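Asks: One file: input-v8.txt (compact mmCIF, N, CA and C atoms).
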```txt
# COMPACT_ATOMS: atom_id res chain seq x y z
N MET A 582 0.85 -1.17 0.00
CA MET A 582 0.00 0.00 0.00
C MET A 582 0.89 1.23 0.00
N GLU A 583 0.73 2.08 -1.00
CA GLU A 583 1.52 3.28 -1.12
C GLU A 583 1.01 4.35 -0.15
N ILE A 584 1.93 5.04 0.48
CA ILE A 584 1.55 6.09 1.43
C ILE A 584 1.45 7.41 0.68
N LYS A 585 0.27 8.03 0.76
CA LYS A 585 0.04 9.32 0.13
C LYS A 585 -0.56 10.26 1.17
N PRO A 586 -0.21 11.54 1.10
CA PRO A 586 -0.82 12.51 2.04
C PRO A 586 -2.31 12.66 1.76
N LEU A 587 -3.04 13.11 2.77
CA LEU A 587 -4.48 13.31 2.62
C LEU A 587 -4.76 14.45 1.64
N ASN A 588 -5.79 14.26 0.83
CA ASN A 588 -6.27 15.33 -0.04
C ASN A 588 -7.15 16.26 0.78
N ASP A 589 -7.48 17.41 0.22
CA ASP A 589 -8.29 18.40 0.93
C ASP A 589 -9.68 17.88 1.31
N ASN A 590 -10.23 16.96 0.51
CA ASN A 590 -11.58 16.47 0.78
C ASN A 590 -11.58 15.19 1.62
N GLU A 591 -10.42 14.77 2.11
CA GLU A 591 -10.34 13.58 2.97
C GLU A 591 -10.20 14.02 4.42
N GLY A 592 -10.69 13.16 5.32
CA GLY A 592 -10.53 13.45 6.74
C GLY A 592 -11.39 12.58 7.62
N ILE A 593 -11.25 12.82 8.90
CA ILE A 593 -12.01 12.08 9.92
C ILE A 593 -12.61 13.09 10.88
N GLN A 594 -13.88 12.89 11.19
CA GLN A 594 -14.57 13.75 12.15
C GLN A 594 -15.00 12.87 13.32
N ILE A 595 -14.69 13.31 14.53
CA ILE A 595 -15.12 12.58 15.73
C ILE A 595 -16.55 12.96 16.03
N VAL A 596 -17.43 11.95 16.07
CA VAL A 596 -18.85 12.17 16.37
C VAL A 596 -19.10 11.94 17.86
N LYS A 597 -18.48 10.89 18.41
CA LYS A 597 -18.67 10.54 19.83
C LYS A 597 -17.36 9.96 20.33
N ASP A 598 -16.98 10.32 21.55
CA ASP A 598 -15.76 9.81 22.14
C ASP A 598 -15.99 9.56 23.62
N SER A 599 -16.12 8.30 24.01
CA SER A 599 -16.26 7.94 25.41
C SER A 599 -15.23 6.86 25.73
N ALA A 600 -15.21 6.43 26.97
CA ALA A 600 -14.19 5.48 27.41
C ALA A 600 -14.27 4.14 26.68
N ASP A 601 -15.47 3.71 26.29
CA ASP A 601 -15.61 2.39 25.67
C ASP A 601 -16.25 2.41 24.29
N GLU A 602 -16.44 3.61 23.72
CA GLU A 602 -17.04 3.69 22.39
C GLU A 602 -16.62 4.99 21.70
N ILE A 603 -16.22 4.85 20.44
CA ILE A 603 -15.82 6.00 19.63
C ILE A 603 -16.58 5.91 18.31
N GLU A 604 -17.18 7.01 17.90
CA GLU A 604 -17.86 7.06 16.61
C GLU A 604 -17.20 8.12 15.74
N LEU A 605 -16.92 7.75 14.49
CA LEU A 605 -16.24 8.64 13.56
C LEU A 605 -16.96 8.67 12.23
N LYS A 606 -16.73 9.73 11.49
CA LYS A 606 -17.13 9.80 10.09
C LYS A 606 -15.83 10.00 9.32
N ALA A 607 -15.56 9.11 8.37
CA ALA A 607 -14.32 9.17 7.60
C ALA A 607 -14.63 9.28 6.12
N THR A 608 -13.86 10.09 5.44
CA THR A 608 -13.98 10.23 3.99
C THR A 608 -12.58 10.07 3.40
N THR A 609 -12.44 9.13 2.47
CA THR A 609 -11.15 8.92 1.81
C THR A 609 -11.34 8.76 0.31
N ASP A 610 -10.34 9.19 -0.44
CA ASP A 610 -10.37 9.02 -1.90
C ASP A 610 -9.76 7.69 -2.32
N ILE A 611 -8.89 7.17 -1.47
CA ILE A 611 -8.22 5.89 -1.75
C ILE A 611 -8.28 5.03 -0.49
N LYS A 612 -7.90 3.78 -0.60
CA LYS A 612 -7.84 2.89 0.57
C LYS A 612 -6.81 3.46 1.54
N ARG A 613 -7.21 3.60 2.79
CA ARG A 613 -6.34 4.18 3.83
C ARG A 613 -6.28 3.27 5.04
N ILE A 614 -5.20 3.44 5.79
CA ILE A 614 -5.07 2.81 7.11
C ILE A 614 -5.31 3.91 8.14
N ILE A 615 -6.24 3.64 9.04
CA ILE A 615 -6.51 4.58 10.12
C ILE A 615 -5.83 4.05 11.38
N LEU A 616 -5.08 4.90 12.04
CA LEU A 616 -4.37 4.54 13.27
C LEU A 616 -5.09 5.16 14.45
N PHE A 617 -5.41 4.33 15.43
CA PHE A 617 -6.07 4.80 16.66
C PHE A 617 -5.04 4.71 17.77
N ASN A 618 -4.78 5.80 18.43
CA ASN A 618 -3.76 5.81 19.47
C ASN A 618 -4.29 5.31 20.80
N ASP A 619 -4.99 4.21 20.75
CA ASP A 619 -5.40 3.47 21.95
C ASP A 619 -4.55 2.22 21.99
N TYR A 620 -4.08 1.88 23.18
CA TYR A 620 -3.22 0.71 23.35
C TYR A 620 -3.93 -0.55 22.85
N TYR A 621 -3.26 -1.31 22.01
CA TYR A 621 -3.83 -2.54 21.45
C TYR A 621 -3.86 -3.62 22.53
N ASP A 622 -5.04 -4.14 22.81
CA ASP A 622 -5.15 -5.26 23.75
C ASP A 622 -6.10 -6.34 23.27
N GLY A 623 -6.59 -6.24 22.05
CA GLY A 623 -7.45 -7.27 21.50
C GLY A 623 -8.92 -7.17 21.90
N ASN A 624 -9.26 -6.24 22.76
CA ASN A 624 -10.65 -6.11 23.21
C ASN A 624 -11.43 -5.06 22.43
N TRP A 625 -10.76 -4.33 21.56
CA TRP A 625 -11.44 -3.33 20.74
C TRP A 625 -12.01 -4.01 19.50
N GLU A 626 -13.22 -3.61 19.11
CA GLU A 626 -13.87 -4.10 17.90
C GLU A 626 -14.23 -2.89 17.05
N ILE A 627 -14.13 -3.04 15.72
CA ILE A 627 -14.45 -1.93 14.83
C ILE A 627 -15.55 -2.33 13.86
N TYR A 628 -16.46 -1.42 13.66
CA TYR A 628 -17.56 -1.61 12.72
C TYR A 628 -17.50 -0.46 11.70
N ILE A 629 -17.37 -0.82 10.44
CA ILE A 629 -17.35 0.18 9.38
C ILE A 629 -18.65 0.05 8.60
N ASP A 630 -19.44 1.10 8.63
CA ASP A 630 -20.78 1.10 8.02
C ASP A 630 -21.63 -0.06 8.56
N GLY A 631 -21.50 -0.32 9.86
CA GLY A 631 -22.30 -1.34 10.53
C GLY A 631 -21.79 -2.76 10.37
N VAL A 632 -20.71 -2.96 9.63
CA VAL A 632 -20.16 -4.30 9.40
C VAL A 632 -18.88 -4.46 10.22
N LYS A 633 -18.82 -5.54 11.01
CA LYS A 633 -17.63 -5.78 11.82
C LYS A 633 -16.43 -5.97 10.89
N SER A 634 -15.37 -5.24 11.18
CA SER A 634 -14.17 -5.28 10.36
C SER A 634 -12.97 -5.71 11.19
N LYS A 635 -11.85 -5.86 10.53
CA LYS A 635 -10.62 -6.32 11.19
C LYS A 635 -9.88 -5.14 11.82
N MET A 636 -9.62 -5.26 13.12
CA MET A 636 -8.78 -4.30 13.84
C MET A 636 -7.45 -5.01 14.03
N PHE A 637 -6.35 -4.33 13.75
CA PHE A 637 -5.04 -4.98 13.87
C PHE A 637 -4.09 -4.09 14.66
N ARG A 638 -3.00 -4.73 15.08
CA ARG A 638 -1.95 -4.01 15.82
C ARG A 638 -1.18 -3.15 14.82
N ALA A 639 -1.01 -1.87 15.15
CA ALA A 639 -0.29 -0.95 14.28
C ALA A 639 0.77 -0.21 15.09
N ASN A 640 1.91 0.05 14.49
CA ASN A 640 3.03 0.72 15.17
C ASN A 640 3.38 0.03 16.49
N TYR A 641 3.29 -1.27 16.53
CA TYR A 641 3.64 -2.11 17.67
C TYR A 641 2.71 -2.00 18.87
N LEU A 642 2.11 -0.85 19.11
CA LEU A 642 1.34 -0.63 20.34
C LEU A 642 -0.12 -0.27 20.14
N PHE A 643 -0.50 0.17 18.96
CA PHE A 643 -1.80 0.79 18.78
C PHE A 643 -2.73 -0.03 17.89
N ASN A 644 -3.96 0.45 17.73
CA ASN A 644 -4.96 -0.19 16.88
C ASN A 644 -4.96 0.46 15.51
N GLY A 645 -5.21 -0.35 14.50
CA GLY A 645 -5.31 0.17 13.15
C GLY A 645 -6.41 -0.55 12.40
N ALA A 646 -6.91 0.07 11.33
CA ALA A 646 -7.93 -0.55 10.49
C ALA A 646 -7.78 0.00 9.07
N VAL A 647 -8.19 -0.81 8.11
CA VAL A 647 -8.16 -0.39 6.71
C VAL A 647 -9.55 0.12 6.34
N VAL A 648 -9.57 1.28 5.69
CA VAL A 648 -10.83 1.89 5.25
C VAL A 648 -10.77 2.06 3.73
N ASP A 649 -11.79 1.55 3.05
CA ASP A 649 -11.87 1.68 1.60
C ASP A 649 -12.25 3.11 1.21
N PRO A 650 -12.04 3.46 -0.06
CA PRO A 650 -12.42 4.81 -0.52
C PRO A 650 -13.91 5.08 -0.30
N GLY A 651 -14.23 6.34 -0.02
CA GLY A 651 -15.62 6.74 0.17
C GLY A 651 -15.85 7.32 1.54
N SER A 652 -17.13 7.58 1.84
CA SER A 652 -17.53 8.09 3.16
C SER A 652 -18.03 6.93 4.00
N HIS A 653 -17.58 6.89 5.24
CA HIS A 653 -17.91 5.76 6.10
C HIS A 653 -18.25 6.22 7.52
N ASP A 654 -19.20 5.51 8.13
CA ASP A 654 -19.47 5.66 9.56
C ASP A 654 -18.68 4.57 10.25
N ILE A 655 -17.84 4.96 11.18
CA ILE A 655 -16.97 4.01 11.88
C ILE A 655 -17.32 4.05 13.36
N LYS A 656 -17.49 2.86 13.92
CA LYS A 656 -17.78 2.74 15.35
C LYS A 656 -16.76 1.78 15.94
N ILE A 657 -16.09 2.23 16.99
CA ILE A 657 -15.09 1.42 17.68
C ILE A 657 -15.62 1.19 19.08
N VAL A 658 -15.72 -0.08 19.45
CA VAL A 658 -16.33 -0.46 20.73
C VAL A 658 -15.36 -1.32 21.53
N TYR A 659 -15.25 -1.03 22.82
CA TYR A 659 -14.42 -1.84 23.71
C TYR A 659 -15.27 -2.97 24.26
N ASP A 660 -14.86 -4.21 24.00
CA ASP A 660 -15.59 -5.39 24.46
C ASP A 660 -15.01 -5.83 25.79
N SER A 661 -15.71 -5.51 26.86
CA SER A 661 -15.20 -5.82 28.20
C SER A 661 -15.61 -7.21 28.68
N SER A 662 -16.25 -8.01 27.83
CA SER A 662 -16.69 -9.34 28.27
C SER A 662 -15.51 -10.23 28.67
N LYS A 663 -14.37 -10.09 27.99
CA LYS A 663 -13.19 -10.88 28.35
C LYS A 663 -12.70 -10.51 29.74
N ILE A 664 -12.76 -9.23 30.05
CA ILE A 664 -12.34 -8.78 31.38
C ILE A 664 -13.31 -9.29 32.43
N LYS A 665 -14.61 -9.25 32.13
CA LYS A 665 -15.62 -9.74 33.07
C LYS A 665 -15.42 -11.23 33.33
N ILE A 666 -15.14 -11.99 32.29
CA ILE A 666 -14.89 -13.43 32.45
C ILE A 666 -13.66 -13.64 33.33
N SER A 667 -12.60 -12.85 33.10
CA SER A 667 -11.39 -12.96 33.92
C SER A 667 -11.67 -12.66 35.38
N ILE A 668 -12.51 -11.65 35.63
CA ILE A 668 -12.86 -11.29 37.00
C ILE A 668 -13.63 -12.42 37.67
N VAL A 669 -14.58 -13.01 36.94
CA VAL A 669 -15.35 -14.13 37.50
C VAL A 669 -14.43 -15.30 37.82
N ILE A 670 -13.52 -15.63 36.91
CA ILE A 670 -12.58 -16.74 37.15
C ILE A 670 -11.71 -16.44 38.37
N THR A 671 -11.26 -15.20 38.50
CA THR A 671 -10.43 -14.81 39.65
C THR A 671 -11.21 -14.95 40.95
N ILE A 672 -12.46 -14.50 40.97
CA ILE A 672 -13.28 -14.60 42.18
C ILE A 672 -13.54 -16.05 42.55
N VAL A 673 -13.88 -16.88 41.56
CA VAL A 673 -14.12 -18.30 41.82
C VAL A 673 -12.86 -18.96 42.35
N THR A 674 -11.72 -18.67 41.75
CA THR A 674 -10.45 -19.26 42.20
C THR A 674 -10.12 -18.82 43.62
N ALA A 675 -10.27 -17.53 43.91
CA ALA A 675 -10.00 -17.03 45.26
C ALA A 675 -10.93 -17.69 46.28
N THR A 676 -12.21 -17.85 45.91
CA THR A 676 -13.17 -18.50 46.80
C THR A 676 -12.76 -19.94 47.07
N LEU A 677 -12.35 -20.66 46.04
CA LEU A 677 -11.91 -22.05 46.22
C LEU A 677 -10.67 -22.13 47.10
N ILE A 678 -9.73 -21.21 46.91
CA ILE A 678 -8.52 -21.21 47.75
C ILE A 678 -8.88 -20.94 49.20
N ILE A 679 -9.73 -19.96 49.45
CA ILE A 679 -10.16 -19.66 50.81
C ILE A 679 -10.88 -20.86 51.42
N PHE A 680 -11.77 -21.52 50.63
CA PHE A 680 -12.49 -22.70 51.10
C PHE A 680 -11.49 -23.81 51.47
N CYS A 681 -10.48 -24.02 50.62
CA CYS A 681 -9.47 -25.05 50.91
C CYS A 681 -8.68 -24.73 52.18
N ILE A 682 -8.37 -23.45 52.38
CA ILE A 682 -7.65 -23.05 53.59
C ILE A 682 -8.51 -23.30 54.83
N ILE A 683 -9.79 -22.97 54.75
CA ILE A 683 -10.71 -23.19 55.88
C ILE A 683 -10.82 -24.68 56.19
N ILE A 684 -11.04 -25.49 55.15
CA ILE A 684 -11.16 -26.95 55.36
C ILE A 684 -9.86 -27.50 55.95
N SER A 685 -8.73 -27.06 55.43
CA SER A 685 -7.43 -27.52 55.95
C SER A 685 -7.26 -27.12 57.42
N SER A 686 -7.66 -25.91 57.76
CA SER A 686 -7.55 -25.45 59.15
C SER A 686 -8.46 -26.25 60.07
N VAL A 687 -9.68 -26.49 59.64
CA VAL A 687 -10.63 -27.29 60.45
C VAL A 687 -10.08 -28.69 60.65
N MET A 688 -9.55 -29.28 59.60
CA MET A 688 -9.00 -30.64 59.72
C MET A 688 -7.78 -30.65 60.65
N ALA A 689 -6.94 -29.61 60.59
CA ALA A 689 -5.78 -29.53 61.47
C ALA A 689 -6.21 -29.38 62.92
N ILE A 690 -7.25 -28.60 63.17
CA ILE A 690 -7.76 -28.41 64.54
C ILE A 690 -8.31 -29.73 65.06
N LYS A 691 -9.09 -30.43 64.21
CA LYS A 691 -9.64 -31.73 64.65
C LYS A 691 -8.52 -32.73 64.92
N ARG A 692 -7.50 -32.73 64.04
CA ARG A 692 -6.38 -33.65 64.22
C ARG A 692 -5.66 -33.34 65.53
N LYS A 693 -5.45 -32.06 65.81
CA LYS A 693 -4.78 -31.64 67.05
C LYS A 693 -5.61 -32.04 68.26
N LYS A 694 -6.94 -31.84 68.15
CA LYS A 694 -7.83 -32.20 69.25
C LYS A 694 -7.78 -33.71 69.50
N THR A 695 -7.78 -34.50 68.44
CA THR A 695 -7.71 -35.96 68.57
C THR A 695 -6.39 -36.37 69.20
N GLU A 696 -5.29 -35.75 68.77
CA GLU A 696 -3.98 -36.07 69.35
C GLU A 696 -3.95 -35.71 70.84
N ASP A 697 -4.53 -34.56 71.18
CA ASP A 697 -4.56 -34.15 72.59
C ASP A 697 -5.39 -35.12 73.42
N GLU A 698 -6.51 -35.57 72.87
CA GLU A 698 -7.35 -36.54 73.59
C GLU A 698 -6.62 -37.85 73.77
N GLU A 699 -5.89 -38.30 72.75
CA GLU A 699 -5.13 -39.55 72.85
C GLU A 699 -4.02 -39.42 73.90
N LYS A 700 -3.34 -38.27 73.94
CA LYS A 700 -2.30 -38.05 74.95
C LYS A 700 -2.90 -38.03 76.34
N SER A 701 -4.06 -37.40 76.47
CA SER A 701 -4.73 -37.32 77.76
C SER A 701 -5.12 -38.72 78.24
N GLU A 702 -5.65 -39.54 77.31
CA GLU A 702 -6.02 -40.91 77.67
C GLU A 702 -4.80 -41.72 78.07
N MET A 703 -3.68 -41.51 77.34
CA MET A 703 -2.46 -42.25 77.68
C MET A 703 -1.93 -41.82 79.02
N ASN A 704 -2.05 -40.55 79.35
CA ASN A 704 -1.60 -40.05 80.64
C ASN A 704 -2.47 -40.63 81.76
N GLU A 705 -3.79 -40.73 81.53
CA GLU A 705 -4.69 -41.29 82.53
C GLU A 705 -4.39 -42.77 82.74
N VAL A 706 -4.12 -43.51 81.68
CA VAL A 706 -3.79 -44.93 81.77
C VAL A 706 -2.48 -45.10 82.50
N GLY A 707 -1.52 -44.22 82.21
CA GLY A 707 -0.20 -44.29 82.84
C GLY A 707 -0.28 -43.97 84.31
N GLU A 708 -1.19 -43.14 84.75
CA GLU A 708 -1.32 -42.76 86.14
C GLU A 708 -2.01 -43.86 86.94
N ASN A 709 -2.82 -44.65 86.29
CA ASN A 709 -3.55 -45.70 87.01
C ASN A 709 -2.76 -46.93 87.12
```
Translate the structure described by the file into structure tokens.

Replies:
Amino acid sequence: MEIKPLNDNEGIQIVKDSADEIELKATTDIKRIILFNDYYDGNWEIYIDGVKSKMFRANYLFNGAVVDPGSHDIKIVYDSSKIKISIVITIVTATLIIFCIIISSVMAIKRKKTEDEEKSEMNEVGEN
């Protein structure tokens, strides 16, 4: 893909910009790569004219997408479902670890109590 400077009638207008959603209007005369200076983490999704498109890593750290010639409505959405799944897995794992620690502690207390009772019985037998 040959790199050419933007013509006077090409550009991008920001329609909406929030933490998890960006809406743009883009006009290009030729196929262009749009670079988004948001850190690439795989959770961003891009829709060009309502059709899910490919978002790729650009400049090692950022998001990029290819836009065909013409006017386009672009919507970039952050998909937090992967993060939510990770949080659920973390909570379940922490709960299981805490449960295992509690069960282990209860078993250790019972074992200690049984050992103490056995020692007490042996002491009583030894005294008689």

Asks: Which value, in Å to one decimal, gives the distance between CA of Asp598 (chain A) and atom C of Val648 (chain A)?

Replies: 20.6 Å

Asks: Could you go through chain A and tell me which residues DSSP, when run on the backbone, assigns to strand (DSSP E or B), listing them as a PyMOL selection string?

Replies: chain A and resi 592-598+602-609+613-620+625-629+632-634+637-639+643-648+651-659

Asks: Running DSSP on the backbone, which parts of region 600-709 of chain A land in helix (DSSP H, G or I), as JSON, numbers by chain?

Replies: {"A": [662, 663, 664, 665, 666, 667, 668, 669, 670, 671, 672, 673, 674, 675, 676, 677, 678, 679, 680, 681, 682, 683, 684, 685, 686, 687, 688, 689, 690, 691, 692, 693, 694, 695, 696, 697, 698, 699, 700, 701, 702, 703, 704, 705, 706, 707, 708]}

Asks: Taking all atoms listed in the file into account, which of A:Glu696, A:Pro650, A:Asp619, A:Lys656 comes nearest Val632 (chain A)?

Replies: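 Of all the options, A:Lys656 lies closest to Val632 (chain A).
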
Asks: Using only N, CA and C atoms, find the one residue out of A:Val673, A:Ile627, A:Ile655, A:Ile668 that sits nearest to Lys606 (chain A).

Replies: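 Residue with the minimum atom-to-atom distance to Lys606 (chain A): A:Ile655.
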
Asks: Show me, as a list in words, the residues that have an atom within 12 Å of Lys633 (chain A) when counting only C-alpha atoms, minus same-chain residues fewer than 3 positions from it.

Replies: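 The residues that qualify are Trp625, Glu626, Ile627, Tyr628, Ile629, Asp630, Met636, Ala646, Asp654, Ile655, Lys656, Ile657 and Val658 of chain A.
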
Asks: Quick one, how far is CA of Ile684 (chain A) from CA of Asp697 (chain A)?

Replies: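 It comes out at 19.8 Å.
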
Asks: What lies within 9 Å of region 615-618 of chain A using only C-alpha atoms, ignoring chain neighbours under 2 positions off, as a ChimeraX atom specification?

Replies: /A:613,620-621,639-640,642-648

Asks: Please fill the gaps in region 653-664 of chain A so it has all heavy atoms, and write that as a PDB file, in the frame of the given file.

Replies:
```pdb
ATOM      1  N   HIS A 653     -17.580   6.890   5.240  1.00  0.00           N
ATOM      2  CA  HIS A 653     -17.910   5.760   6.100  1.00  0.00           C
ATOM      3  C   HIS A 653     -18.250   6.220   7.520  1.00  0.00           C
ATOM      4  O   HIS A 653     -17.645   7.167   8.027  1.00  0.00           O
ATOM      5  CB  HIS A 653     -16.736   4.776   6.178  1.00  0.00           C
ATOM      6  CG  HIS A 653     -16.301   4.251   4.853  1.00  0.00           C
ATOM      7  ND1 HIS A 653     -16.983   3.268   4.196  1.00  0.00           N
ATOM      8  CD2 HIS A 653     -15.256   4.594   4.059  1.00  0.00           C
ATOM      9  CE1 HIS A 653     -16.373   3.010   3.060  1.00  0.00           C
ATOM     10  NE2 HIS A 653     -15.318   3.808   2.945  1.00  0.00           N
ATOM     11  N   ASP A 654     -19.200   5.510   8.130  1.00  0.00           N
ATOM     12  CA  ASP A 654     -19.470   5.660   9.560  1.00  0.00           C
ATOM     13  C   ASP A 654     -18.680   4.570  10.250  1.00  0.00           C
ATOM     14  O   ASP A 654     -18.841   3.379   9.956  1.00  0.00           O
ATOM     15  CB  ASP A 654     -20.973   5.500   9.852  1.00  0.00           C
ATOM     16  CG  ASP A 654     -21.788   6.641   9.272  1.00  0.00           C
ATOM     17  OD1 ASP A 654     -21.326   7.790   9.354  1.00  0.00           O
ATOM     18  OD2 ASP A 654     -22.884   6.374   8.740  1.00  0.00           O
ATOM     19  N   ILE A 655     -17.840   4.960  11.180  1.00  0.00           N
ATOM     20  CA  ILE A 655     -16.970   4.010  11.880  1.00  0.00           C
ATOM     21  C   ILE A 655     -17.320   4.050  13.360  1.00  0.00           C
ATOM     22  O   ILE A 655     -17.443   5.110  13.961  1.00  0.00           O
ATOM     23  CB  ILE A 655     -15.486   4.376  11.682  1.00  0.00           C
ATOM     24  CG1 ILE A 655     -15.146   4.332  10.185  1.00  0.00           C
ATOM     25  CG2 ILE A 655     -14.593   3.438  12.475  1.00  0.00           C
ATOM     26  CD1 ILE A 655     -13.760   4.845   9.861  1.00  0.00           C
ATOM     27  N   LYS A 656     -17.490   2.860  13.920  1.00  0.00           N
ATOM     28  CA  LYS A 656     -17.780   2.740  15.350  1.00  0.00           C
ATOM     29  C   LYS A 656     -16.760   1.780  15.940  1.00  0.00           C
ATOM     30  O   LYS A 656     -16.572   0.670  15.446  1.00  0.00           O
ATOM     31  CB  LYS A 656     -19.202   2.211  15.556  1.00  0.00           C
ATOM     32  CG  LYS A 656     -19.655   2.200  16.990  1.00  0.00           C
ATOM     33  CD  LYS A 656     -21.119   1.795  17.061  1.00  0.00           C
ATOM     34  CE  LYS A 656     -21.680   1.975  18.431  1.00  0.00           C
ATOM     35  NZ  LYS A 656     -23.104   1.640  18.493  1.00  0.00           N
ATOM     36  N   ILE A 657     -16.090   2.230  16.990  1.00  0.00           N
ATOM     37  CA  ILE A 657     -15.090   1.420  17.680  1.00  0.00           C
ATOM     38  C   ILE A 657     -15.620   1.190  19.080  1.00  0.00           C
ATOM     39  O   ILE A 657     -15.933   2.130  19.809  1.00  0.00           O
ATOM     40  CB  ILE A 657     -13.730   2.137  17.712  1.00  0.00           C
ATOM     41  CG1 ILE A 657     -13.319   2.511  16.291  1.00  0.00           C
ATOM     42  CG2 ILE A 657     -12.669   1.262  18.351  1.00  0.00           C
ATOM     43  CD1 ILE A 657     -12.395   3.678  16.218  1.00  0.00           C
ATOM     44  N   VAL A 658     -15.720  -0.080  19.450  1.00  0.00           N
ATOM     45  CA  VAL A 658     -16.330  -0.460  20.730  1.00  0.00           C
ATOM     46  C   VAL A 658     -15.360  -1.320  21.530  1.00  0.00           C
ATOM     47  O   VAL A 658     -14.729  -2.230  20.979  1.00  0.00           O
ATOM     48  CB  VAL A 658     -17.648  -1.245  20.496  1.00  0.00           C
ATOM     49  CG1 VAL A 658     -18.298  -1.621  21.803  1.00  0.00           C
ATOM     50  CG2 VAL A 658     -18.595  -0.449  19.623  1.00  0.00           C
ATOM     51  N   TYR A 659     -15.250  -1.030  22.820  1.00  0.00           N
ATOM     52  CA  TYR A 659     -14.420  -1.840  23.710  1.00  0.00           C
ATOM     53  C   TYR A 659     -15.270  -2.970  24.260  1.00  0.00           C
ATOM     54  O   TYR A 659     -16.288  -2.745  24.903  1.00  0.00           O
ATOM     55  CB  TYR A 659     -13.846  -1.001  24.851  1.00  0.00           C
ATOM     56  CG  TYR A 659     -12.785  -1.729  25.629  1.00  0.00           C
ATOM     57  CD1 TYR A 659     -11.497  -1.823  25.121  1.00  0.00           C
ATOM     58  CD2 TYR A 659     -13.066  -2.327  26.839  1.00  0.00           C
ATOM     59  CE1 TYR A 659     -10.506  -2.497  25.808  1.00  0.00           C
ATOM     60  CE2 TYR A 659     -12.081  -3.000  27.545  1.00  0.00           C
ATOM     61  CZ  TYR A 659     -10.800  -3.090  27.028  1.00  0.00           C
ATOM     62  OH  TYR A 659      -9.831  -3.762  27.714  1.00  0.00           O
ATOM     63  N   ASP A 660     -14.860  -4.210  24.000  1.00  0.00           N
ATOM     64  CA  ASP A 660     -15.590  -5.390  24.460  1.00  0.00           C
ATOM     65  C   ASP A 660     -15.010  -5.830  25.790  1.00  0.00           C
ATOM     66  O   ASP A 660     -13.951  -6.444  25.848  1.00  0.00           O
ATOM     67  CB  ASP A 660     -15.471  -6.514  23.424  1.00  0.00           C
ATOM     68  CG  ASP A 660     -16.169  -7.790  23.852  1.00  0.00           C
ATOM     69  OD1 ASP A 660     -17.011  -7.743  24.763  1.00  0.00           O
ATOM     70  OD2 ASP A 660     -15.865  -8.848  23.267  1.00  0.00           O
ATOM     71  N   SER A 661     -15.710  -5.510  26.860  1.00  0.00           N
ATOM     72  CA  SER A 661     -15.200  -5.820  28.200  1.00  0.00           C
ATOM     73  C   SER A 661     -15.610  -7.210  28.680  1.00  0.00           C
ATOM     74  O   SER A 661     -15.326  -7.573  29.818  1.00  0.00           O
ATOM     75  CB  SER A 661     -15.671  -4.765  29.200  1.00  0.00           C
ATOM     76  OG  SER A 661     -17.087  -4.761  29.275  1.00  0.00           O
ATOM     77  N   SER A 662     -16.250  -8.010  27.830  1.00  0.00           N
ATOM     78  CA  SER A 662     -16.690  -9.340  28.270  1.00  0.00           C
ATOM     79  C   SER A 662     -15.510 -10.230  28.670  1.00  0.00           C
ATOM     80  O   SER A 662     -15.607 -11.020  29.605  1.00  0.00           O
ATOM     81  CB  SER A 662     -17.533 -10.021  27.196  1.00  0.00           C
ATOM     82  OG  SER A 662     -16.758 -10.273  26.033  1.00  0.00           O
ATOM     83  N   LYS A 663     -14.370 -10.090  27.990  1.00  0.00           N
ATOM     84  CA  LYS A 663     -13.190 -10.880  28.350  1.00  0.00           C
ATOM     85  C   LYS A 663     -12.700 -10.510  29.740  1.00  0.00           C
ATOM     86  O   LYS A 663     -12.282 -11.374  30.506  1.00  0.00           O
ATOM     87  CB  LYS A 663     -12.081 -10.674  27.320  1.00  0.00           C
ATOM     88  CG  LYS A 663     -12.407 -11.200  25.951  1.00  0.00           C
ATOM     89  CD  LYS A 663     -11.319 -10.849  24.963  1.00  0.00           C
ATOM     90  CE  LYS A 663     -11.727 -11.224  23.555  1.00  0.00           C
ATOM     91  NZ  LYS A 663     -10.739 -10.781  22.561  1.00  0.00           N
ATOM     92  N   ILE A 664     -12.760  -9.230  30.050  1.00  0.00           N
ATOM     93  CA  ILE A 664     -12.340  -8.780  31.380  1.00  0.00           C
ATOM     94  C   ILE A 664     -13.310  -9.290  32.430  1.00  0.00           C
ATOM     95  O   ILE A 664     -12.898  -9.745  33.499  1.00  0.00           O
ATOM     96  CB  ILE A 664     -12.228  -7.243  31.411  1.00  0.00           C
ATOM     97  CG1 ILE A 664     -11.083  -6.789  30.510  1.00  0.00           C
ATOM     98  CG2 ILE A 664     -12.031  -6.736  32.830  1.00  0.00           C
ATOM     99  CD1 ILE A 664     -10.979  -5.302  30.334  1.00  0.00           C
TER     100      ILE A 664
END
```
